[in-house]
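Student: Structure below; questions to follow.
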Amino acid sequence: RPIADQCQYNMFTRQKVESEYAHLFDSYKYGTTTWSPLFSGVLSGKYVDKLEMEGSRFDNYADSSSIHRRIYTQNKESWDKKIKALIELGKELGYSVSQLALAWVIRNPNVSTCIMGTSKIEQFEENIKSLELADKIDSELEAKLDAILANAPEIEIDWRTFTPKEPRR
């Protein structure tokens, strides 16, 4: 059986963790180390209404972030609307959109570790506050987030009984 995995997981990249690996989490009590919880900074909101930003991950690490940049560029209009809504929700809660996006990742019981990429101590200090918000994400807040994101993976089917399996969180 598998003993380790490291996959991308964030508000815009959900399929693998929430659907494809669900049976591993259930059957083997397997967890995962996730990376890119802010989708190369996209979920920090810093690229909303602009794409070029000196000193950003897209600027400093153009080669390694090129895939995220391309995907974001292709979805920029719809994703920016979602990010703006997340920014407003975060403000209502008293947190930044980065903290909200990180809390959303780490509140998943199947996430063993979340790798954050920070380039400044201030980013780390801000991001670590997501731990307190993760404990506050309840079913009501989760429903609001799912309504904004509108990208939850399809419910998996138990093919032995032809009934939907419960969503995994």
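As shown in the structure tokens, the chain order sets the letters A, B, ...; within each chain, residues go from 1, and ligands are also counted from 1 in the order they appear.
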Please provide as a PyMOL selection string all residues within 12 Å of Tyr21 in chain A, with the sequence filter that same-chain residues fewer than 3 positions apart are discarded (counting only C-alpha atoms).
Tutor: chain A and resi 2+4-7+9+14-18+24-32+110-111+153+156+168-169
Student: Output the selection as an mmCIF file, in the first residue's frame - C-alpha atoms for each residue.
Tutor:
data_model
loop_
_atom_site.group_PDB
_atom_site.id
_atom_site.type_symbol
_atom_site.label_atom_id
_atom_site.label_comp_id
_atom_site.auth_asym_id
_atom_site.auth_seq_id
_atom_site.Cartn_x
_atom_site.Cartn_y
_atom_site.Cartn_z
ATOM 1 C CA PRO A 2 1.119 3.599 -0.418
ATOM 2 C CA ALA A 4 3.375 8.770 1.397
ATOM 3 C CA ASP A 5 2.146 11.319 -1.094
ATOM 4 C CA GLN A 6 2.613 14.969 -1.865
ATOM 5 C CA CYS A 7 0.001 16.592 -4.072
ATOM 6 C CA TYR A 9 -4.315 21.101 -2.969
ATOM 7 C CA ARG A 14 -9.465 19.967 -5.323
ATOM 8 C CA GLN A 15 -10.103 16.851 -7.399
ATOM 9 C CA LYS A 16 -7.167 14.673 -6.340
ATOM 10 C CA VAL A 17 -7.483 15.171 -2.570
ATOM 11 C CA GLU A 18 -11.262 15.297 -2.316
ATOM 12 C CA LEU A 24 -6.857 5.838 0.313
ATOM 13 C CA PHE A 25 -7.828 8.096 3.186
ATOM 14 C CA ASP A 26 -10.735 5.834 4.135
ATOM 15 C CA SER A 27 -9.153 2.433 3.567
ATOM 16 C CA TYR A 28 -5.653 3.040 4.852
ATOM 17 C CA LYS A 29 -6.088 6.049 7.140
ATOM 18 C CA TYR A 30 -3.640 7.684 4.770
ATOM 19 C CA GLY A 31 -2.958 11.420 4.891
ATOM 20 C CA THR A 32 -1.183 13.689 2.455
ATOM 21 C CA ASN A 110 -6.903 14.163 5.332
ATOM 22 C CA VAL A 111 -4.229 16.864 5.049
ATOM 23 C CA PRO A 153 -15.696 17.468 -7.080
ATOM 24 C CA GLU A 156 -18.235 9.545 -5.635
ATOM 25 C CA ARG A 168 -14.934 13.581 2.487
ATOM 26 C CA ARG A 169 -13.630 16.492 4.496
#
Student: Contacts of Phe12 in chain A at 12 Å or less, counting only C-alpha atoms, minus same-chain residues fewer than 5 places along, as an MDAnalysis selection string?
Tutor: chainID A and resid 17:18 36:40 42:43 68 71:72 75:76 78:80 82:83 101 104:105 145:146 148:153
Student: Quick one, how far is CA of Gln123 in chain A from CA of Leu100 in chain A?
Tutor: 13.7 Å
Student: Taking the backbone alone, and naming residues the way the document does, which bits of range 4-119 of chain A are alpha helix (DSSP H) by DSSP, as an mmCIF file with N, CA, C and O atoms, in the first residue's frame?
Tutor:
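File produced: result-v6.cif:
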data_model
loop_
_atom_site.group_PDB
_atom_site.id
_atom_site.type_symbol
_atom_site.label_atom_id
_atom_site.label_comp_id
_atom_site.auth_asym_id
_atom_site.auth_seq_id
_atom_site.Cartn_x
_atom_site.Cartn_y
_atom_site.Cartn_z
ATOM 1 N N GLN A 15 -9.687 18.171 -6.941
ATOM 2 C CA GLN A 15 -10.103 16.851 -7.399
ATOM 3 C C GLN A 15 -9.305 15.699 -6.772
ATOM 4 O O GLN A 15 -9.873 14.735 -6.286
ATOM 5 N N ALA A 22 -9.727 9.689 -2.108
ATOM 6 C CA ALA A 22 -10.650 9.478 -0.996
ATOM 7 C C ALA A 22 -10.597 8.045 -0.459
ATOM 8 O O ALA A 22 -10.607 7.834 0.750
ATOM 9 N N HIS A 23 -10.523 7.077 -1.357
ATOM 10 C CA HIS A 23 -10.486 5.684 -0.893
ATOM 11 C C HIS A 23 -9.204 5.376 -0.123
ATOM 12 O O HIS A 23 -9.199 4.549 0.780
ATOM 13 N N LEU A 24 -8.100 6.042 -0.437
ATOM 14 C CA LEU A 24 -6.857 5.838 0.313
ATOM 15 C C LEU A 24 -6.997 6.373 1.734
ATOM 16 O O LEU A 24 -6.547 5.740 2.693
ATOM 17 N N PHE A 25 -7.633 7.522 1.869
ATOM 18 C CA PHE A 25 -7.828 8.096 3.186
ATOM 19 C C PHE A 25 -8.728 7.193 4.025
ATOM 20 O O PHE A 25 -8.468 6.966 5.206
ATOM 21 N N ASP A 26 -9.789 6.685 3.415
ATOM 22 C CA ASP A 26 -10.735 5.834 4.135
ATOM 23 C C ASP A 26 -10.166 4.450 4.433
ATOM 24 O O ASP A 26 -10.262 3.954 5.543
ATOM 25 N N SER A 27 -9.594 3.819 3.421
ATOM 26 C CA SER A 27 -9.153 2.433 3.567
ATOM 27 C C SER A 27 -7.889 2.279 4.389
ATOM 28 O O SER A 27 -7.740 1.313 5.137
ATOM 29 N N TYR A 28 -6.961 3.197 4.228
ATOM 30 C CA TYR A 28 -5.653 3.040 4.852
ATOM 31 C C TYR A 28 -5.351 4.079 5.926
ATOM 32 O O TYR A 28 -4.254 4.095 6.469
ATOM 33 N N ARG A 57 6.110 35.799 -7.063
ATOM 34 C CA ARG A 57 6.502 34.446 -7.471
ATOM 35 C C ARG A 57 6.477 34.319 -8.997
ATOM 36 O O ARG A 57 7.357 33.718 -9.586
ATOM 37 N N PHE A 58 5.471 34.906 -9.646
ATOM 38 C CA PHE A 58 5.419 34.855 -11.110
ATOM 39 C C PHE A 58 6.609 35.579 -11.727
ATOM 40 O O PHE A 58 7.055 35.240 -12.811
ATOM 41 N N ASP A 59 7.116 36.583 -11.047
ATOM 42 C CA ASP A 59 8.263 37.351 -11.543
ATOM 43 C C ASP A 59 9.579 36.642 -11.198
ATOM 44 O O ASP A 59 10.401 36.388 -12.071
ATOM 45 N N ASN A 60 9.771 36.317 -9.931
ATOM 46 C CA ASN A 60 11.040 35.739 -9.476
ATOM 47 C C ASN A 60 11.243 34.278 -9.867
ATOM 48 O O ASN A 60 12.372 33.827 -9.981
ATOM 49 N N SER A 66 5.340 28.773 -14.133
ATOM 50 C CA SER A 66 4.746 29.027 -15.452
ATOM 51 C C SER A 66 3.432 28.273 -15.663
ATOM 52 O O SER A 66 2.523 28.799 -16.297
ATOM 53 N N ILE A 67 3.335 27.067 -15.128
ATOM 54 C CA ILE A 67 2.090 26.305 -15.294
ATOM 55 C C ILE A 67 0.955 27.007 -14.553
ATOM 56 O O ILE A 67 -0.133 27.187 -15.099
ATOM 57 N N HIS A 68 1.209 27.420 -13.309
ATOM 58 C CA HIS A 68 0.174 28.133 -12.549
ATOM 59 C C HIS A 68 -0.194 29.447 -13.219
ATOM 60 O O HIS A 68 -1.367 29.806 -13.282
ATOM 61 N N ARG A 69 0.786 30.134 -13.729
ATOM 62 C CA ARG A 69 0.518 31.407 -14.407
ATOM 63 C C ARG A 69 -0.383 31.180 -15.625
ATOM 64 O O ARG A 69 -1.335 31.921 -15.855
ATOM 65 N N ARG A 70 -0.080 30.146 -16.404
ATOM 66 C CA ARG A 70 -0.874 29.852 -17.601
ATOM 67 C C ARG A 70 -2.311 29.479 -17.216
ATOM 68 O O ARG A 70 -3.273 29.990 -17.795
ATOM 69 N N ILE A 71 -2.460 28.622 -16.222
ATOM 70 C CA ILE A 71 -3.803 28.208 -15.794
ATOM 71 C C ILE A 71 -4.580 29.409 -15.252
ATOM 72 O O ILE A 71 -5.755 29.595 -15.577
ATOM 73 N N TYR A 72 -3.911 30.225 -14.446
ATOM 74 C CA TYR A 72 -4.568 31.411 -13.900
ATOM 75 C C TYR A 72 -4.973 32.370 -15.010
ATOM 76 O O TYR A 72 -6.094 32.888 -15.022
ATOM 77 N N THR A 73 -4.084 32.597 -15.955
ATOM 78 C CA THR A 73 -4.379 33.503 -17.064
ATOM 79 C C THR A 73 -5.606 33.018 -17.836
ATOM 80 O O THR A 73 -6.469 33.814 -18.213
ATOM 81 N N GLN A 74 -5.709 31.708 -18.048
ATOM 82 C CA GLN A 74 -6.854 31.150 -18.768
ATOM 83 C C GLN A 74 -8.164 31.313 -17.996
ATOM 84 O O GLN A 74 -9.231 31.377 -18.591
ATOM 85 N N ASN A 75 -8.080 31.361 -16.668
ATOM 86 C CA ASN A 75 -9.276 31.432 -15.819
ATOM 87 C C ASN A 75 -9.398 32.760 -15.078
ATOM 88 O O ASN A 75 -10.219 32.878 -14.178
ATOM 89 N N LYS A 76 -8.581 33.740 -15.449
ATOM 90 C CA LYS A 76 -8.428 34.961 -14.665
ATOM 91 C C LYS A 76 -9.749 35.664 -14.354
ATOM 92 O O LYS A 76 -10.011 36.021 -13.205
ATOM 93 N N GLU A 77 -10.582 35.850 -15.330
ATOM 94 C CA GLU A 77 -11.829 36.590 -15.106
ATOM 95 C C GLU A 77 -12.707 35.902 -14.059
ATOM 96 O O GLU A 77 -13.149 36.533 -13.094
ATOM 97 N N SER A 78 -12.959 34.617 -14.231
ATOM 98 C CA SER A 78 -13.832 33.914 -13.278
ATOM 99 C C SER A 78 -13.154 33.733 -11.921
ATOM 100 O O SER A 78 -13.794 33.858 -10.879
ATOM 101 N N TRP A 79 -11.857 33.456 -11.918
ATOM 102 C CA TRP A 79 -11.154 33.278 -10.647
ATOM 103 C C TRP A 79 -11.056 34.591 -9.886
ATOM 104 O O TRP A 79 -11.170 34.600 -8.663
ATOM 105 N N ASP A 80 -10.832 35.695 -10.577
ATOM 106 C CA ASP A 80 -10.758 36.985 -9.891
ATOM 107 C C ASP A 80 -12.083 37.321 -9.209
ATOM 108 O O ASP A 80 -12.096 37.875 -8.108
ATOM 109 N N LYS A 81 -13.194 36.974 -9.829
ATOM 110 C CA LYS A 81 -14.499 37.187 -9.192
ATOM 111 C C LYS A 81 -14.584 36.379 -7.903
ATOM 112 O O LYS A 81 -15.057 36.875 -6.877
ATOM 113 N N LYS A 82 -14.125 35.147 -7.955
ATOM 114 C CA LYS A 82 -14.150 34.291 -6.766
ATOM 115 C C LYS A 82 -13.207 34.836 -5.695
ATOM 116 O O LYS A 82 -13.557 34.876 -4.511
ATOM 117 N N ILE A 83 -12.024 35.265 -6.104
ATOM 118 C CA ILE A 83 -11.055 35.798 -5.145
ATOM 119 C C ILE A 83 -11.596 37.065 -4.485
ATOM 120 O O ILE A 83 -11.470 37.248 -3.270
ATOM 121 N N LYS A 84 -12.232 37.915 -5.259
ATOM 122 C CA LYS A 84 -12.822 39.134 -4.680
ATOM 123 C C LYS A 84 -13.899 38.783 -3.651
ATOM 124 O O LYS A 84 -13.990 39.413 -2.595
ATOM 125 N N ALA A 85 -14.711 37.779 -3.952
ATOM 126 C CA ALA A 85 -15.734 37.339 -2.995
ATOM 127 C C ALA A 85 -15.071 36.738 -1.749
ATOM 128 O O ALA A 85 -15.539 36.958 -0.626
ATOM 129 N N LEU A 86 -13.989 35.998 -1.938
ATOM 130 C CA LEU A 86 -13.259 35.436 -0.799
ATOM 131 C C LEU A 86 -12.617 36.537 0.042
ATOM 132 O O LEU A 86 -12.580 36.437 1.276
ATOM 133 N N ILE A 87 -12.115 37.580 -0.606
ATOM 134 C CA ILE A 87 -11.534 38.716 0.116
ATOM 135 C C ILE A 87 -12.599 39.343 1.021
ATOM 136 O O ILE A 87 -12.346 39.628 2.197
ATOM 137 N N GLU A 88 -13.792 39.538 0.477
ATOM 138 C CA GLU A 88 -14.881 40.141 1.266
ATOM 139 C C GLU A 88 -15.291 39.232 2.426
ATOM 140 O O GLU A 88 -15.508 39.712 3.547
ATOM 141 N N LEU A 89 -15.387 37.938 2.172
ATOM 142 C CA LEU A 89 -15.733 36.993 3.236
ATOM 143 C C LEU A 89 -14.650 36.995 4.314
ATOM 144 O O LEU A 89 -14.953 36.991 5.508
ATOM 145 N N GLY A 90 -13.399 37.007 3.890
ATOM 146 C CA GLY A 90 -12.298 37.068 4.846
ATOM 147 C C GLY A 90 -12.387 38.318 5.721
ATOM 148 O O GLY A 90 -12.191 38.243 6.939
ATOM 149 N N LYS A 91 -12.687 39.463 5.106
ATOM 150 C CA LYS A 91 -12.827 40.713 5.872
ATOM 151 C C LYS A 91 -13.936 40.590 6.917
ATOM 152 O O LYS A 91 -13.786 41.039 8.053
ATOM 153 N N GLU A 92 -15.069 39.980 6.524
ATOM 154 C CA GLU A 92 -16.177 39.779 7.467
ATOM 155 C C GLU A 92 -15.737 38.954 8.671
ATOM 156 O O GLU A 92 -16.201 39.174 9.787
ATOM 157 N N LEU A 93 -14.837 38.005 8.424
ATOM 158 C CA LEU A 93 -14.360 37.117 9.478
ATOM 159 C C LEU A 93 -13.190 37.714 10.261
ATOM 160 O O LEU A 93 -12.791 37.168 11.291
ATOM 161 N N VAL A 97 -7.474 37.057 2.875
ATOM 162 C CA VAL A 97 -7.836 35.986 1.947
ATOM 163 C C VAL A 97 -6.778 34.876 1.980
ATOM 164 O O VAL A 97 -7.116 33.698 1.846
ATOM 165 N N SER A 98 -5.515 35.218 2.184
ATOM 166 C CA SER A 98 -4.470 34.192 2.310
ATOM 167 C C SER A 98 -4.748 33.293 3.511
ATOM 168 O O SER A 98 -4.645 32.058 3.415
ATOM 169 N N GLN A 99 -5.083 33.907 4.634
ATOM 170 C CA GLN A 99 -5.389 33.130 5.833
ATOM 171 C C GLN A 99 -6.607 32.247 5.613
ATOM 172 O O GLN A 99 -6.634 31.087 6.053
ATOM 173 N N LEU A 100 -7.596 32.764 4.912
ATOM 174 C CA LEU A 100 -8.800 31.987 4.623
ATOM 175 C C LEU A 100 -8.469 30.790 3.723
ATOM 176 O O LEU A 100 -8.910 29.674 3.987
ATOM 177 N N ALA A 101 -7.684 31.025 2.687
ATOM 178 C CA ALA A 101 -7.328 29.943 1.760
ATOM 179 C C ALA A 101 -6.487 28.868 2.457
ATOM 180 O O ALA A 101 -6.690 27.667 2.230
ATOM 181 N N LEU A 102 -5.555 29.284 3.295
ATOM 182 C CA LEU A 102 -4.737 28.305 4.034
ATOM 183 C C LEU A 102 -5.571 27.536 5.049
ATOM 184 O O LEU A 102 -5.429 26.316 5.183
ATOM 185 N N ALA A 103 -6.441 28.231 5.769
ATOM 186 C CA ALA A 103 -7.304 27.567 6.746
ATOM 187 C C ALA A 103 -8.196 26.536 6.065
ATOM 188 O O ALA A 103 -8.423 25.441 6.600
ATOM 189 N N TRP A 104 -8.676 26.869 4.885
ATOM 190 C CA TRP A 104 -9.527 25.952 4.121
ATOM 191 C C TRP A 104 -8.772 24.652 3.822
ATOM 192 O O TRP A 104 -9.340 23.570 3.901
ATOM 193 N N VAL A 105 -7.492 24.754 3.489
ATOM 194 C CA VAL A 105 -6.678 23.562 3.194
ATOM 195 C C VAL A 105 -6.432 22.746 4.459
ATOM 196 O O VAL A 105 -6.672 21.543 4.489
ATOM 197 N N ILE A 106 -5.964 23.408 5.511
ATOM 198 C CA ILE A 106 -5.542 22.647 6.689
ATOM 199 C C ILE A 106 -6.702 22.124 7.520
ATOM 200 O O ILE A 106 -6.507 21.229 8.345
#
Student: Using only C-alpha atoms, which residue out of A:Glu140, A:Asp49, A:Thr34, A:Arg160 lies closest to Ser112 in chain A?
Tutor: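 Among the listed residues, the smallest separation from Ser112 in chain A belongs to A:Thr34.
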Student: By how many Å are CA of Lys50 in chain A and CA of Ile115 in chain A apart?
Tutor: 25.7 Å
